[in-house]
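Structure file protein_14.txt; described as compact mmCIF, C-alpha atoms and all ligand atoms.
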```txt
# COMPACT_ATOMS: atom_id res chain seq x y z
CA MET N 280 -8.78 20.96 10.58
CA ILE N 281 -5.07 21.60 10.15
CA VAL N 282 -2.80 24.06 11.84
CA ILE N 283 -0.12 25.38 9.53
CA MET N 284 2.92 26.60 11.44
CA GLN N 285 5.08 29.52 10.34
CA THR N 286 8.43 28.73 8.72
CA GLY N 287 10.87 28.69 11.57
CA ALA N 288 8.27 27.83 14.25
CA THR N 289 10.04 26.34 17.27
CA SER N 290 9.35 23.00 18.95
CA ASP N 291 7.93 25.00 21.89
CA ASN N 292 5.46 26.63 19.49
CA ILE N 293 4.43 23.19 18.20
CA GLU N 294 4.13 21.82 21.73
CA GLY N 295 1.90 24.82 22.58
CA VAL N 296 -0.53 23.88 19.81
CA VAL N 297 -0.52 20.19 20.77
CA ARG N 298 -1.24 21.15 24.40
CA ARG N 299 -4.13 23.42 23.44
CA LEU N 300 -5.65 20.62 21.34
CA ARG N 301 -5.29 18.14 24.18
CA GLU N 302 -7.03 20.55 26.56
CA ASN N 303 -9.96 20.46 24.15
CA GLY N 304 -10.12 16.65 23.96
CA LEU N 305 -8.46 16.54 20.52
CA ARG N 306 -5.33 14.76 19.26
CA ALA N 307 -2.55 16.05 17.04
CA GLN N 308 -0.79 14.35 14.15
CA ILE N 309 2.33 16.22 13.17
CA SER N 310 3.69 16.31 9.64
CA TRP N 311 7.22 17.68 9.72
CA GLY N 312 7.88 19.41 6.42
CA GLU N 313 11.18 20.75 5.17
CA GLU N 314 9.67 24.20 4.89
CA ARG N 315 6.97 24.17 7.50
CA THR N 316 5.22 21.88 9.93
CA VAL N 317 1.54 21.08 9.63
CA ILE N 318 -0.46 19.75 12.57
CA GLY N 319 -3.52 17.64 11.77
CA VAL N 320 -6.30 17.86 14.34
CA LEU N 321 -7.96 14.52 15.14
CA GLY N 322 -11.24 14.16 16.95
CA THR N 323 -14.75 15.47 16.64
CA GLY N 324 -16.14 18.93 17.21
CA PHE N 325 -13.99 22.00 16.73
CA PRO N 326 -15.74 25.02 18.25
CA PRO N 327 -15.11 28.18 16.18
CA GLU N 328 -13.54 29.83 19.25
CA LEU N 329 -10.88 27.08 19.26
CA GLU N 330 -9.98 27.98 15.70
CA HIS N 331 -9.45 31.60 16.76
CA SER N 332 -7.51 30.70 19.89
CA LEU N 333 -5.18 28.42 17.91
CA GLU N 334 -4.57 31.18 15.41
CA ALA N 335 -3.51 33.43 18.26
CA LEU N 336 -0.81 31.02 19.48
CA ALA N 337 2.86 31.78 18.87
CA GLY N 338 4.29 30.29 15.66
CA VAL N 339 0.91 29.58 14.04
CA GLU N 340 0.48 30.87 10.51
CA ARG N 341 -3.13 29.85 9.93
CA VAL N 342 -5.79 27.31 10.74
CA THR N 343 -7.65 25.72 7.85
CA ARG N 344 -10.58 23.38 7.71
CA ILE N 345 -10.06 20.40 5.40
CA THR N 346 -13.36 19.99 3.68
CA ARG N 347 -12.71 16.48 2.35
CA PRO N 348 -13.77 13.64 4.65
CA PHE N 349 -10.28 12.15 4.68
CA LYS N 350 -7.83 14.43 6.45
CA LEU N 351 -4.42 12.88 7.15
CA ALA N 352 -4.51 11.12 3.78
CA SER N 353 -5.27 14.39 2.04
CA ARG N 354 -2.80 16.56 0.13
CA ASP N 355 -4.11 19.54 2.09
CA PHE N 356 -2.54 18.01 5.19
CA LYS N 357 0.71 17.11 3.44
CA PRO N 358 1.36 18.73 0.05
CA LEU N 359 4.52 16.73 -0.71
CA ASP N 360 4.49 13.05 -1.73
CA THR N 361 4.99 10.50 1.02
CA ALA N 362 7.66 7.84 0.56
CA VAL N 363 6.82 4.79 2.67
CA PRO N 364 9.92 3.10 4.14
CA VAL N 365 10.37 -0.62 3.52
CA ASP N 366 13.64 -2.03 4.82
CA GLY N 367 16.04 0.32 3.05
CA LEU N 368 13.70 1.05 0.13
CA ALA N 369 11.00 3.66 -0.02
CA VAL N 370 7.78 3.20 -1.96
CA GLY N 371 6.85 6.52 -3.55
CA ALA N 372 10.39 7.94 -3.50
CA GLU N 373 11.07 10.19 -6.45
CA GLY N 374 12.68 8.33 -9.35
CA ASP N 375 12.05 4.85 -7.98
CA PHE N 376 9.52 2.29 -9.21
CA VAL N 377 9.03 -0.61 -6.80
CA VAL N 378 7.96 -3.98 -8.18
CA MET N 379 6.65 -6.49 -5.65
CA ALA N 380 6.40 -9.98 -7.08
CA GLY N 381 5.89 -13.56 -6.01
CA PRO N 382 3.29 -16.28 -5.74
CA CYS N 383 -0.32 -15.73 -4.80
CA SER N 384 0.13 -18.31 -2.03
CA VAL N 385 3.19 -19.72 -0.35
CA GLU N 386 2.94 -23.42 -1.20
CA SER N 387 6.33 -24.98 -0.48
CA ARG N 388 9.92 -24.12 0.34
CA GLU N 389 11.10 -24.92 -3.17
CA GLN N 390 8.34 -22.85 -4.80
CA VAL N 391 9.01 -19.75 -2.69
CA LEU N 392 12.80 -19.89 -2.89
CA GLN N 393 12.86 -20.52 -6.63
CA THR N 394 10.44 -17.66 -7.25
CA ALA N 395 12.28 -15.30 -4.89
CA ARG N 396 15.68 -15.93 -6.53
CA SER N 397 14.27 -15.46 -9.98
CA VAL N 398 12.20 -12.31 -9.39
CA ARG N 399 15.17 -10.77 -7.59
CA LYS N 400 17.34 -11.32 -10.67
CA SER N 401 14.66 -9.81 -12.86
CA GLY N 402 14.59 -6.63 -10.74
CA ALA N 403 11.79 -7.09 -8.20
CA ALA N 404 12.47 -5.18 -4.97
CA VAL N 405 9.93 -6.88 -2.67
CA LEU N 406 8.74 -10.50 -2.43
CA ARG N 407 5.00 -11.12 -2.17
CA GLY N 408 3.34 -14.34 -0.99
CA GLY N 409 0.19 -15.14 0.92
CA ALA N 410 0.34 -17.33 4.02
CA PHE N 411 -3.18 -16.48 5.25
CA LYS N 412 -5.43 -16.57 2.18
CA PRO N 413 -8.86 -14.95 1.78
CA ARG N 414 -10.53 -17.54 -0.48
CA THR N 415 -13.99 -17.13 -1.92
CA SER N 416 -14.76 -20.77 -1.09
CA PRO N 417 -14.10 -22.19 2.40
CA TYR N 418 -13.08 -25.44 0.67
CA SER N 419 -10.23 -23.85 -1.32
CA PHE N 420 -6.58 -23.86 -0.11
CA GLN N 421 -6.44 -21.46 2.85
CA GLY N 422 -2.66 -20.98 3.01
CA LEU N 423 0.13 -22.44 5.17
CA GLY N 424 -0.30 -19.97 8.02
CA GLU N 425 2.77 -19.43 10.19
CA ASP N 426 4.73 -22.13 8.31
CA GLY N 427 4.24 -20.00 5.21
CA LEU N 428 5.55 -16.93 7.05
CA LYS N 429 8.66 -18.89 8.03
CA LEU N 430 9.31 -19.80 4.40
CA LEU N 431 8.98 -16.15 3.42
CA ALA N 432 11.49 -15.23 6.14
CA GLU N 433 13.88 -17.83 4.75
CA ALA N 434 13.52 -16.38 1.25
CA ARG N 435 14.19 -12.88 2.64
CA ALA N 436 17.31 -14.10 4.44
CA GLU N 437 18.66 -15.61 1.24
CA THR N 438 17.71 -12.94 -1.31
CA GLY N 439 17.51 -9.80 0.83
CA LEU N 440 14.03 -9.07 -0.55
CA PRO N 441 11.65 -7.57 2.02
CA ILE N 442 8.30 -9.32 2.38
CA VAL N 443 4.72 -8.21 1.77
CA THR N 444 2.09 -10.64 3.02
CA GLU N 445 -1.58 -10.43 3.90
CA VAL N 446 -3.01 -10.24 7.40
CA LEU N 447 -6.60 -11.44 7.40
CA ASP N 448 -7.59 -11.24 11.01
CA VAL N 449 -7.10 -8.87 13.93
CA ARG N 450 -5.88 -11.84 15.99
CA ASP N 451 -3.00 -12.46 13.53
CA VAL N 452 -1.57 -8.94 13.32
CA GLU N 453 1.15 -9.61 15.87
CA ILE N 454 2.36 -12.85 14.31
CA VAL N 455 2.26 -11.53 10.73
CA ALA N 456 4.05 -8.33 11.81
CA ALA N 457 6.80 -10.47 13.35
CA TYR N 458 7.70 -11.74 9.85
CA ALA N 459 6.44 -9.16 7.34
CA ASP N 460 8.01 -5.90 6.23
CA ILE N 461 4.69 -4.76 4.77
CA LEU N 462 1.29 -5.82 6.10
CA GLN N 463 -1.15 -6.34 3.24
CA ILE N 464 -4.82 -5.59 3.82
CA GLY N 465 -6.74 -7.43 1.13
CA ALA N 466 -9.57 -6.09 -0.98
CA ARG N 467 -12.17 -8.03 1.02
CA ASN N 468 -10.94 -6.47 4.26
CA MET N 469 -10.68 -2.86 3.08
CA GLN N 470 -13.62 -1.96 5.28
CA ASN N 471 -12.76 -4.23 8.20
CA TYR N 472 -12.44 -1.29 10.58
CA PRO N 473 -11.16 -3.21 13.63
CA LEU N 474 -8.38 -4.67 11.44
CA LEU N 475 -7.54 -1.24 10.00
CA ARG N 476 -7.33 0.20 13.52
CA GLU N 477 -5.12 -2.69 14.65
CA VAL N 478 -2.56 -2.18 11.85
CA GLY N 479 -2.86 1.55 12.51
CA ASN N 480 -1.55 0.87 16.01
CA THR N 481 1.60 -0.75 14.61
CA ARG N 482 4.36 1.21 12.92
CA HIS N 483 4.63 -1.36 10.12
CA SER N 484 4.21 -0.21 6.53
CA VAL N 485 0.78 -1.22 5.24
CA LEU N 486 -0.33 -2.03 1.71
CA LEU N 487 -4.04 -1.23 1.51
CA LYS N 488 -5.89 -2.79 -1.40
CA ARG N 489 -8.97 -1.11 -2.82
CA GLY N 490 -12.16 -3.03 -2.08
CA LEU N 491 -13.94 -4.88 -4.86
CA SER N 492 -16.60 -2.21 -5.18
CA ALA N 493 -15.15 0.63 -3.13
CA THR N 494 -15.22 4.22 -4.30
CA ILE N 495 -11.97 6.16 -4.19
CA GLU N 496 -13.33 8.14 -1.25
CA GLU N 497 -14.14 4.98 0.72
CA TRP N 498 -10.64 3.70 -0.03
CA LEU N 499 -9.00 6.90 1.21
CA LEU N 500 -11.20 6.81 4.31
CA ALA N 501 -9.98 3.27 4.96
CA ALA N 502 -6.41 4.66 4.76
CA GLU N 503 -7.52 7.38 7.18
CA TYR N 504 -8.49 4.70 9.75
CA ILE N 505 -4.92 3.39 9.67
CA MET N 506 -3.39 6.87 9.77
CA ALA N 507 -5.63 8.04 12.60
CA GLY N 508 -3.86 5.47 14.79
CA GLY N 509 -0.60 7.29 14.08
CA ASN N 510 0.67 4.98 11.33
CA LEU N 511 1.25 7.18 8.31
CA ASN N 512 3.05 4.48 6.31
CA VAL N 513 0.26 3.50 3.95
CA ILE N 514 0.73 2.34 0.36
CA LEU N 515 -2.49 2.26 -1.68
CA CYS N 516 -2.99 -0.57 -4.16
CA GLU N 517 -5.56 -0.56 -6.97
CA ARG N 518 -6.40 -4.16 -7.95
CA GLY N 519 -9.42 -3.83 -10.19
CA ILE N 520 -13.04 -3.28 -9.29
CA ARG N 521 -16.13 -5.32 -10.12
CA GLY N 522 -17.47 -4.70 -13.60
CA PHE N 523 -20.32 -6.35 -15.46
CA ASP N 524 -18.27 -8.44 -17.88
CA SER N 525 -16.32 -11.14 -16.05
CA GLN N 526 -16.00 -13.33 -19.12
CA TYR N 527 -12.75 -11.87 -20.42
CA THR N 528 -11.39 -9.98 -17.42
CA ARG N 529 -11.79 -10.84 -13.76
CA ASN N 530 -12.19 -7.19 -12.75
CA VAL N 531 -11.86 -3.78 -14.36
CA LEU N 532 -8.53 -2.11 -13.69
CA ASP N 533 -9.30 1.48 -12.75
CA ILE N 534 -6.18 3.08 -14.15
CA SER N 535 -7.69 6.52 -13.54
CA ALA N 536 -7.39 5.80 -9.82
CA VAL N 537 -3.66 6.57 -10.13
CA PRO N 538 -3.89 10.23 -11.21
CA VAL N 539 -7.03 10.77 -9.12
CA VAL N 540 -5.36 9.49 -5.94
CA LYS N 541 -2.18 11.42 -6.71
CA ARG N 542 -4.25 14.59 -6.89
CA LEU N 543 -6.24 13.93 -3.72
CA SER N 544 -3.57 12.32 -1.56
CA HIS N 545 0.15 12.36 -0.81
CA LEU N 546 0.24 8.57 -0.35
CA PRO N 547 2.00 6.32 -2.87
CA VAL N 548 -0.22 4.23 -5.13
CA ILE N 549 0.70 0.98 -6.83
CA ILE N 550 -1.19 -1.29 -9.23
CA ASP N 551 -1.89 -5.00 -8.98
CA PRO N 552 -2.64 -5.99 -12.58
CA SER N 553 -2.85 -9.71 -11.70
CA HIS N 554 -6.08 -9.59 -9.68
CA ALA N 555 -7.54 -7.02 -12.07
CA ALA N 556 -6.86 -9.15 -15.15
CA GLY N 557 -7.45 -12.69 -13.95
CA LYS N 558 -5.53 -13.82 -17.07
CA TRP N 559 -1.75 -13.93 -17.30
CA TYR N 560 -1.65 -12.54 -20.85
CA LEU N 561 -3.35 -9.31 -19.74
CA VAL N 562 -0.87 -8.64 -16.95
CA LYS N 563 1.92 -7.16 -19.11
CA PRO N 564 -0.15 -4.55 -21.00
CA LEU N 565 -1.90 -3.48 -17.78
CA ALA N 566 1.42 -3.25 -15.93
CA LEU N 567 2.94 -1.10 -18.66
CA ALA N 568 -0.14 1.14 -18.63
CA ALA N 569 0.18 1.50 -14.84
CA ALA N 570 3.80 2.60 -15.15
CA ALA N 571 2.90 5.08 -17.90
CA ALA N 572 0.02 6.48 -15.80
CA GLY N 573 2.41 7.33 -12.97
CA ALA N 574 1.91 4.49 -10.48
CA ASP N 575 4.69 4.14 -7.90
CA GLY N 576 5.02 0.41 -8.43
CA LEU N 577 3.37 -2.92 -9.13
CA LEU N 578 2.26 -6.02 -7.23
CA ILE N 579 2.48 -9.05 -9.52
CA GLU N 580 1.73 -12.74 -9.09
CA VAL N 581 4.54 -14.98 -10.32
CA HIS N 582 4.74 -18.77 -10.07
CA PRO N 583 7.40 -21.17 -11.40
CA SER N 584 4.65 -23.40 -12.73
CA PRO N 585 1.34 -21.51 -12.92
CA ASP N 586 -0.61 -24.56 -14.11
CA HIS N 587 0.19 -26.24 -10.77
CA ALA N 588 -0.53 -23.22 -8.56
CA LEU N 589 -2.85 -23.80 -5.60
CA SER N 590 -4.41 -20.35 -6.09
CA ASP N 591 -4.66 -17.81 -8.92
CA GLY N 592 -2.64 -19.87 -11.43
CA PRO N 593 -4.48 -18.49 -14.50
CA GLN N 594 -3.34 -14.93 -13.70
CA SER N 595 0.19 -15.79 -12.59
CA LEU N 596 3.19 -15.05 -14.80
CA ASN N 597 5.83 -17.71 -15.12
CA LEU N 598 9.42 -16.71 -14.38
CA GLN N 599 10.28 -15.99 -18.00
CA ASN N 600 7.18 -13.91 -18.66
CA PHE N 601 7.88 -11.89 -15.53
CA ASP N 602 11.40 -11.25 -16.76
CA ASP N 603 10.06 -10.11 -20.14
CA LEU N 604 7.72 -7.71 -18.40
CA MET N 605 10.56 -6.25 -16.34
CA CYS N 606 12.56 -5.65 -19.55
CA ALA N 607 9.59 -3.99 -21.20
CA LEU N 608 9.03 -1.69 -18.22
CA GLN N 609 12.45 -0.09 -18.39
CA PRO N 610 12.00 2.24 -21.39
CA ILE N 611 8.62 3.39 -20.04
CA LEU N 612 10.15 4.21 -16.68
CA ALA N 613 13.14 5.89 -18.30
CA ALA N 614 10.79 8.15 -20.26
CA SER N 615 9.57 9.59 -16.96
CA GLY N 616 13.02 9.70 -15.34
CA ARG N 617 12.47 6.63 -13.19
CA ARG N 618 14.08 3.25 -12.70
CA LEU N 619 13.41 -0.13 -11.10
CA ALA N 620 14.15 0.22 -7.39
CA GLY N 621 15.63 -3.29 -7.21
CA GLY N 622 17.73 -3.02 -10.37
CA ARG N 623 17.96 -5.96 -12.79
CA LEU N 624 20.81 -8.36 -12.01
CA GLU N 625 20.75 -10.75 -14.95
CA PRO N 626 18.19 -12.08 -17.40
CA VAL N 627 16.36 -15.24 -16.46
CA SER N 628 17.07 -18.11 -18.82
CA ALA N 629 14.10 -20.07 -20.06
C1 LIG D 1 -3.78 -11.44 -3.12
O1 LIG D 1 -3.02 -10.47 -3.22
O2 LIG D 1 -3.42 -12.62 -3.30
C2 LIG D 1 -5.23 -11.19 -2.89
C3 LIG D 1 -6.02 -12.08 -2.29
O3 LIG D 1 -5.63 -10.01 -3.37
P1 LIG D 1 -7.04 -9.22 -3.27
O4 LIG D 1 -7.25 -8.92 -1.83
O5 LIG D 1 -6.79 -8.00 -4.12
O6 LIG D 1 -8.11 -10.11 -3.86
MN MN D 2 -4.01 -14.00 -5.55
```
Encoded form (structure tokens):
Amino acid sequence: MIVIMQTGATSDNIEGVVRRLRENGLRAQISWGEERTVIGVLGTGFPPELEHSLEALAGVERVTRITRPFKLASRDFKPLDTAVPVDGLAVGAEGDFVVMAGPCSVESREQVLQTARSVRKSGAAVLRGGAFKPRTSPYSFQGLGEDGLKLLAEARAETGLPIVTEVLDVRDVEIVAAYADILQIGARNMQNYPLLREVGNTRHSVLLKRGLSATIEEWLLAAEYIMAGGNLNVILCERGIRGFDSQYTRNVLDISAVPVVKRLSHLPVIIDPSHAAGKWYLVKPLALAAAAAGADGLLIEVHPSPDHALSDGPQSLNLQNFDDLMCALQPILAASGRRLAGGRLEPVSA
């Protein structure tokens, strides 16, 4: 249920609604709009008489039931697009396209710094890199842990690029949040509800990947878990879903998720073509398609020497190929009045 306030409703009017909800064992999530404020009602059980009594309060325009199962993530709750703040940038801000790039895993100081410098020059606005890795096999490289986070922090200090990195476990949220600008929830953890609640209790921006076989509704409900804790800074990331042909592509990139999510939700949505493709030579066409379909940005795996990568080498772009992609993106973005949020500095030489 949402309570739509009249234009010009006062803070006393809003406080009156919040108080009435509290008296009924419900919580309020306020969305301050330029025109009008909308109050989302959180909790279970709204007796019809409550609906009428809210409507009678000063400053209330109307009370509406949101029929979709996700509420705070829904466009009914917030009609205007959300721009998620990330250290001076905003993902989802009108006109900006945010490219997050870097290695699948942080492997060494040299590898992270070289990649960070190069992707920055090419126009990336955020550095990615996994320190805690969700590997299919327990015998594969599991990441450098906190040492990896420290290397990411060093790369941020040198290049100014904010960091997105995965948090795998509820017990690591505090330590990862101490280093990261964006907490990444991986595809395998999309329905790890304790973890979603934990990041929902922080005020860190969260990048929420779509699960390997999650429906769009399940994905938006996972976002709702985070938002119900009061953290509205959620960036959705489509990274390909399981198909039946894994011979030529690792997953199937659901490009339709972009316009569908944009219609259903106010949250920004970005595309990770690397995990969808599984092959480096598919990353560029999928990335260009994502930009053309209206995604708010990309998450791309880049490695200075993909054939030596400790994880996801076959899908990683080398520095030159990443630079080529960033060049190719520009006319597509320009056609829709957008630009790279980081801005290209200089071309990378081979
Ligand atoms: C990653 O970004 O390196 C990763 C493990 O992604 P996903 O959760 O989409 O598999
Ligand atoms: Mn990876």
Hey, which residues come within 10 Å of ligand MN 2 (chain D) if we count all atoms listed in the file? Could you give them as a list in words? Gly381, Pro382, Cys383, Ser384, Gly408, Gly409, Lys412, Pro413, Arg414, Gly465, Asp551, Ser553, His554, Gly557, Ile579, Glu580, Val581, Leu589, Ser590, Asp591, Gly592, Gln594 and Ser595 of chain N
Identify, on the basis of all atoms listed in the file, every residue whose closest approach to Pro327 (chain N) does not exceed 12 Å; exclude the query and any residue fewer than 2 positions from it along the same chain; express the result as a PDB file with C-alpha atoms, in the frame of the given file.
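Now in around.pdb:
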```pdb
ATOM      1  CA  MET N 280      -8.780  20.960  10.580  1.00  0.00           C
ATOM      2  CA  GLY N 324     -16.140  18.930  17.210  1.00  0.00           C
ATOM      3  CA  PHE N 325     -13.990  22.000  16.730  1.00  0.00           C
ATOM      4  CA  LEU N 329     -10.880  27.080  19.260  1.00  0.00           C
ATOM      5  CA  GLU N 330      -9.980  27.980  15.700  1.00  0.00           C
ATOM      6  CA  HIS N 331      -9.450  31.600  16.760  1.00  0.00           C
ATOM      7  CA  SER N 332      -7.510  30.700  19.890  1.00  0.00           C
ATOM      8  CA  LEU N 333      -5.180  28.420  17.910  1.00  0.00           C
ATOM      9  CA  GLU N 334      -4.570  31.180  15.410  1.00  0.00           C
ATOM     10  CA  VAL N 342      -5.790  27.310  10.740  1.00  0.00           C
ATOM     11  CA  THR N 343      -7.650  25.720   7.850  1.00  0.00           C
ATOM     12  CA  ARG N 344     -10.580  23.380   7.710  1.00  0.00           C
TER      13      ARG N 344
END
```
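For the point (2.4, 4.9, 5.6), the residues with at least one atom inside 9 Å, counting all atoms listed in the file, are Thr361, Ala362, Val363, Pro364, Arg482, His483, Ser484, Val485, Leu486, Ala502, Ile505, Met506, Asn510, Leu511, Asn512, Val513, Ile514, Leu546 and Pro547 of chain N.
Proximity to Ile495 (chain N) was assessed for N:Asn471, N:Gln463, N:Ser544, N:Gln393 counting only C-alpha atoms; the smallest distance is recorded for N:Ser544.
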Taking only C-alpha atoms and all ligand atoms into account, which of N:Arg388, N:Arg476, N:Arg407, N:Lys400 comes nearest ligand LIG 1 (chain D)? N:Arg407
